[in-house]
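The structure appears below as structure tokens.
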Amino acid sequence: MEQLIKSKILANSEALFGSLIEENLIQFQKTRKDVRGDLTLVIFPFVKLLRCNPIEAGTKIGDFLLNEVSFISEFEVVNGFLNLIISDDFWLGELNSIHTNNKFGIAEENSKPAIMVEYSSPNTNKPLHLGHLRNNFLGYSVAEILKANGHKVIKTQIINDRGIHICKSMLAWEKFSPLNDKGERETPHNTGLKGDKLVGKYYVEFDKRFNSEAKEIIAEWEQGKFDDYNSSIKTEFSKLFEAKSGKDEKTIKAIDEKIKDLAKNQTTLLQEAKDMLVKWEARDPQVYLLWSTMNSWVYEGFESTYQQMGVNFDKLYYESDTFLLGKDIVIEGLNKGVFFKKDDGSVWIDLTADGLDEKLVLRSDGTAVYMTQDMGTAVDRFNDYPDLSGIVYTVGNEQDYHFKVLFLILAKLGYTWAENCYHLSYGMVDLPEGKMKSREGTVVDADDLMAEVIESATEMTKERGHIEGLSQEDTNKLFRMIGLGGLKYFLLKVDPRKRMKFNPEESIELNGNTAPFIQYTHARIQSLLAKANIELVKIAPVSVNEFEKEIIKQSTEFPGVIQEAGKDYSPALIANYTYELVKTYNQFYQSVYIINEPDESLKTFRLALSFNVAKIIKTSMLLLGIDVPNRM
């Protein structure tokens with residue numbers, strides 16, 4: 001509609017304005033709700049060309065469009081705005097177009113370049129938590145939205161299955177796991193505990209013992225006992241301890257943290273974990289067997305959680321594989337002069353000329369860091385998928401600097417595709433009681449949270465729903481659909497870049513901007529269509545009221561919303577669009593007769609309108625990874 005009006009004005013600009021005009025002068029906006037009109041053309045850019053006041057300019061352009069564009073039935077000029085009133089026939093034609101397109105809003109499959117979307121990417125030292133839920137739901141939804149825009153999409157994750165943090169869990173299990181009466185240490189099999197939770201338990205145990213040992217060391221230092229430490233430690237501690245004198249509480253706290261870090265680096269536990277990492281990279285048989293055994297427990301636990309989430313992956317990458325490629329890339333970069341080696345043997349890149357700092361890419365003992373692995377993974381992916389146009393990394397905003405550095409390093413190494421790598425930086429998730437913490441064991445477990453929202457949805461639906469006659473299997477499926485739908489929608493309706501607070505109770509409310517509200521509307525429409533039992537083939541001409549016109553208007557915007565959501569990597573645009581459409585539909589539903597409408601043409605029209613709203617709801621919710629019920 002806008003494009004046709006624009007082309008008419010451009011084609012006749014000399015006759016209208018006395019000269020050719022630039023396309024950017026033609027500006028449309030939504031018509032204000034307090035005036036008549038379906039589309040508004042901003043007149044101010046043309047006033048100078050026409051050498052008249054805005055009312056006269058608007059009237060001249062309005063008269064021209066009324067004669068040249070068949071679907072414009074009237075116009076009104078309000079100050080510097082031309083409000084165009086579109087004919088009922090046009091809106092009926094738009095509804096017919098939507099009705100006959102089973103894939104309305106969805107672009108042709110694989111009509112655009114291949115894009116890889118990375119999400120989840122967990123560490124194998126702990127179970128998935130609330131932050132992973134936002135990550136997975138966001139990454140999965142963005143992948144589906146890009147697919148709907150015509151892109152070939154590869155969903156992937158990099159499993160962080162190696163490193164010092166993994167060794168901490170391994171060491172703690174080896175040292176502190178109790179033996180049962182058969183002389184066996186704890187396993188998922190003999191405890192009944194999910195593998196990822198069992199391994200996470202020992203990550204927390206390591207941290208507890210680690211902090212306890214550091215505390216004991218600090219107590220020794222405070223008593224002047226430095227016999228087991230080199231002189232530099234004594235000097236550093238004394239310097240920090242003396243610096244606390246006369247300082248405010250905040251400064252003292254910061255200094256105490258530095259002392260704690262100094263002590264932690266002297267613990268035997270940390271040294272044992274470091275030694276284990278070196279042995280792992282050297283493929284020590286005993287360490288490697290322990291690593292592969294504990295990781296297998298975690299993978300089994302993760303898979304169970306992913307199935308409950310309703311997310312999947314096309315390709316898995318493992319840090320234990322890609323870090324080796326990363327180390328080769330570091331050697332290559334050294335030879336090219338991109339990296340440099342320090343006296344202790346560690347390898348760095350100097351990015352100070354780019355406004356950043358020096359960045360470590362390989363430790364002095366030859367072990368890899370995250371940057372090493374990420375370089376290797378990126379190169380590996382483009383080798384695996386030569387048609388790949390870019391990668392979208394779904395990772396929290398605490399890693400903004402990391403990805404800025406990664407993309408810059410890849411560009412300096414000569415990989416031209418680095419400019420097509422994008423960090424989808426999202427904000428952290430808090431609960432009403434505050435920020436999550438992982439090492440202390442107070443993290444919000446993903447499995448527990450999903451179980452909680454499903455239980456809440458069960459209670460809510462039993463109380464308010466209409467589930468009589470459903471089998472137990474279908475009832476349980478419905479409870480899960482509502483609970484997980486509420487959870488996903490709540491986490492996706494907020495702009496991904498914003499930090500957010502998640503409230504489990506609010507997520508399953510039947511009213512307001514929630515998935516259950518939208519799901520209920522879809523179920524209501526399905527019930528309506530089932531009762532009517534009419535084949536909706538041809539929509540006859542009828543007079544369209546304001547609610548009906550608004551629904552068709554909003555429906556025609558759906559393809560553009562999908563495109564915008566793909567461009568911005570923002571499922572929130574689709575979520576909030578759908579909520580607004582559903583709100584309008586419910587106002588319409590409450591204000592008119594549908595099944596009981598005596599005029600058959602009007603009845604068929606309203607049923608068709610309802611059918612297509614349900615079609616858009618289902619499509620949009622599937623793009624968010626959410627199922628919708630036919631009964632609720």
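Letters A, B, ... mark the chains of the structure tokens in the order given; residue numbers begin at 1 per chain; ligand numbers begin at 1, in order shown.
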task = Considering only C-alpha atoms, return as an MDAnalysis selection string whatever protein or nucleic-acid residues lie within 6 Å of Lys501 of chain A, sequence-local ones (same chain, fewer than 2 positions apart) excluded.
result = chainID A and resid 429:431
query = Near Leu25 of chain A, counting only C-alpha atoms, which residues have an atom at most 10 Å away, once you skip same-chain residues fewer than 5 positions from it, shown as a list in words?
reply =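 Returned residues: Lys6, Leu10, Val42, Ile43, Phe44, Pro45 and Phe46 of chain A.
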Those residues with N, CA and C atoms, as a JSON list (two decimals), in the first residue's frame please?
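Generated file (selection-v2.json):
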```
[["chain", "number", "residue", "atom", "x", "y", "z"],
["A", 6, "LYS", "N", 3.66, 5.68, -2.84],
["A", 6, "LYS", "CA", 4.95, 6.33, -3.05],
["A", 6, "LYS", "C", 5.31, 6.36, -4.54],
["A", 10, "LEU", "N", 6.02, 9.66, -6.90],
["A", 10, "LEU", "CA", 7.31, 9.82, -7.58],
["A", 10, "LEU", "C", 7.12, 9.95, -9.09],
["A", 42, "VAL", "N", 3.13, 12.62, 5.78],
["A", 42, "VAL", "CA", 3.64, 13.87, 6.36],
["A", 42, "VAL", "C", 3.79, 14.89, 5.23],
["A", 43, "ILE", "N", 3.15, 16.06, 5.38],
["A", 43, "ILE", "CA", 3.07, 17.07, 4.32],
["A", 43, "ILE", "C", 4.21, 18.09, 4.38],
["A", 44, "PHE", "N", 4.76, 18.33, 5.56],
["A", 44, "PHE", "CA", 5.74, 19.42, 5.74],
["A", 44, "PHE", "C", 6.87, 19.42, 4.69],
["A", 45, "PRO", "N", 7.41, 18.25, 4.27],
["A", 45, "PRO", "CA", 8.51, 18.28, 3.28],
["A", 45, "PRO", "C", 8.11, 18.89, 1.94],
["A", 46, "PHE", "N", 6.78, 18.98, 1.65],
["A", 46, "PHE", "CA", 6.33, 19.45, 0.34],
["A", 46, "PHE", "C", 5.87, 20.92, 0.34]]
```
inquiry  = For a quick check of understanding, using only C-alpha atoms, which of A:Glu535, A:Asp447, A:Asp350, A:Asp248 has the smallest distance to Phe611 of chain A?
reply    =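 Smallest separation from Phe611 of chain A among the options: A:Glu535.
Candidate residues A:Pro629, A:Gly345, A:Gly355, A:Gly58 were compared for distance to Thr521 of chain A, and the nearest is A:Pro629, using only C-alpha atoms.
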message = Taking 6 positions as the minimum chain separation for residues in the same chain, which residues sit within 7 Å of segment 408-417 of chain A when counting only C-alpha atoms? Answer as a ChimeraX atom specification.
response = /A:333,338,390
inquiry  = Could you go through segment 346-594 of chain A and tell me which residues DSSP, when run on the backbone, assigns to strand (DSSP E or B), listing them as a PyMOL selection string?
reply    = chain A and resi 347-350+358-362+368+388-396+421-426+429-431+434+445+500-501
With C-alpha atoms retained, export the selected residues as a compact mmCIF listing (two decimals), in the first residue's frame.
```
# COMPACT_ATOMS: atom_id res chain seq x y z
CA VAL A 347 51.62 -15.46 23.75
CA TRP A 348 49.74 -12.14 23.43
CA ILE A 349 48.30 -9.70 20.90
CA ASP A 350 48.76 -5.95 21.28
CA GLU A 358 47.03 -6.51 25.28
CA LYS A 359 45.20 -9.86 25.22
CA LEU A 360 46.54 -13.27 26.26
CA VAL A 361 45.99 -16.00 23.65
CA LEU A 362 48.18 -18.79 25.10
CA ALA A 368 44.81 -22.58 25.93
CA LEU A 388 28.28 -19.71 5.62
CA SER A 389 27.76 -15.94 5.42
CA GLY A 390 28.10 -15.22 9.14
CA ILE A 391 27.73 -16.39 12.73
CA VAL A 392 25.43 -15.03 15.42
CA TYR A 393 26.86 -15.67 18.91
CA THR A 394 24.13 -15.67 21.57
CA VAL A 395 26.15 -14.85 24.68
CA GLY A 396 25.50 -12.64 27.72
CA CYS A 421 30.28 -12.33 12.92
CA TYR A 422 27.78 -10.78 15.33
CA HIS A 423 27.55 -10.91 19.12
CA LEU A 424 23.89 -11.10 20.14
CA SER A 425 24.55 -9.56 23.54
CA TYR A 426 21.71 -10.09 25.99
CA VAL A 429 18.19 -12.37 34.34
CA ASP A 430 17.41 -11.67 37.99
CA LEU A 431 14.74 -13.15 40.19
CA GLY A 434 18.15 -10.76 43.50
CA ASP A 445 18.35 -24.61 38.32
CA MET A 500 15.37 -8.26 33.18
CA LYS A 501 13.68 -9.55 36.30
```
key: Spatial neighbours of Asn265 of chain A, 12 Å, only C-alpha atoms, chain gap at least 4 places, as a list in words   = Phe210, Asn211, Glu213, Ala214, Lys215, Ile217, Ile218, Tyr229, Ile233, Lys258, Ile259, Lys260, Asp261, Leu269, Leu270, Gln271, Glu272, Ala273 and Lys274 of chain A
query = Got a sec: who's within 10 Å of Glu468 of chain A, counting only C-alpha atoms, leaving out chain neighbours fewer than 5 positions off, as a ChimeraX atom specification?
reply = /A:462,475,632
Generate a file of the selected residues that holds N, CA and C atoms, formatted as a PDB file, in the first residue's frame.
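Output saved as part13.pdb:
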```pdb
ATOM      1  N   LYS A 462      -6.405 -26.135  36.122  1.00  0.00           N
ATOM      2  CA  LYS A 462      -7.432 -26.928  36.803  1.00  0.00           C
ATOM      3  C   LYS A 462      -8.488 -26.023  37.419  1.00  0.00           C
ATOM      4  N   THR A 475      -4.094 -33.800  28.851  1.00  0.00           N
ATOM      5  CA  THR A 475      -4.121 -32.823  29.943  1.00  0.00           C
ATOM      6  C   THR A 475      -2.711 -32.460  30.368  1.00  0.00           C
ATOM      7  N   MET A 632      -8.420 -25.038  25.904  1.00  0.00           N
ATOM      8  CA  MET A 632      -7.715 -24.573  27.107  1.00  0.00           C
ATOM      9  C   MET A 632      -8.727 -24.165  28.178  1.00  0.00           C
TER      10      MET A 632
END
```
inquiry  = DSSP on the backbone: which residues in segment 398-617 of chain A end up as alpha helix (DSSP H)? Give the answer as a ChimeraX atom specification.
reply    = /A:400-412,446-464,472-492,504-507,515-532,546-556,558-568,571-591,600-617
inquiry  = Quick one: residues within 10 Å of Ala572 of chain A, only C-alpha atoms, excluding same-chain residues fewer than 2 positions away - as a PyMOL selection string?
reply    = chain A and resi 138+141+489-496+565+568-570+574-578+624
Can I get the selection written as an mmCIF file, in the first residue's frame, with C-alpha atoms?
```
data_model
loop_
_atom_site.group_PDB
_atom_site.id
_atom_site.type_symbol
_atom_site.label_atom_id
_atom_site.label_comp_id
_atom_site.auth_asym_id
_atom_site.auth_seq_id
_atom_site.Cartn_x
_atom_site.Cartn_y
_atom_site.Cartn_z
ATOM 1 C CA LEU A 138 16.610 -16.480 22.596
ATOM 2 C CA SER A 141 13.900 -18.193 18.476
ATOM 3 C CA TYR A 489 7.314 -15.780 26.409
ATOM 4 C CA PHE A 490 8.202 -13.925 29.618
ATOM 5 C CA LEU A 491 11.912 -14.254 28.839
ATOM 6 C CA LEU A 492 11.486 -13.311 25.166
ATOM 7 C CA LYS A 493 9.049 -10.396 25.316
ATOM 8 C CA VAL A 494 11.758 -8.124 26.749
ATOM 9 C CA ASP A 495 14.312 -6.606 24.363
ATOM 10 C CA PRO A 496 17.232 -9.068 24.526
ATOM 11 C CA ALA A 565 12.790 -9.135 14.093
ATOM 12 C CA ASP A 568 17.385 -6.809 14.865
ATOM 13 C CA TYR A 569 17.710 -10.384 16.183
ATOM 14 C CA SER A 570 14.793 -9.563 18.481
ATOM 15 C CA ILE A 574 7.192 -10.658 17.442
ATOM 16 C CA ALA A 575 6.029 -11.279 21.023
ATOM 17 C CA ASN A 576 4.732 -7.761 21.525
ATOM 18 C CA TYR A 577 3.203 -7.569 18.042
ATOM 19 C CA THR A 578 1.250 -10.750 18.761
ATOM 20 C CA LEU A 624 9.201 -18.046 19.722
#
```
inquiry  = I'd like the contact shell of segment 170-174 of chain A - 12 Å cut-off, only C-alpha atoms, skipping same-chain residues fewer than 4 positions apart - returned as a VMD selection string.
reply    = chain A and resid 124 to 126 161 to 166 178 to 179 184 to 187 198 to 210 268 to 277 280 286 to 295
Atomic separation - atom CA of Gln308 of chain A relative to atom CA of Leu622 of chain A, Å = 15.8 Å
task = Quick one: pull the distance between atom CA of Leu609 of chain A and atom CA of Leu92 of chain A, Å, one decimal.
result =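 Distance reported for this atom pair: 9.8 Å.
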note = Residue with the minimum atom-to-atom distance to Asp384 of chain A, picked from A:Leu316, A:Asn67, A:Lys567, A:Arg497 with only C-alpha atoms counted, is A:Leu316
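Pairwise distance (atom CA of His129 of chain A, atom CA of Glu300 of chain A) equals 16.0 Å.
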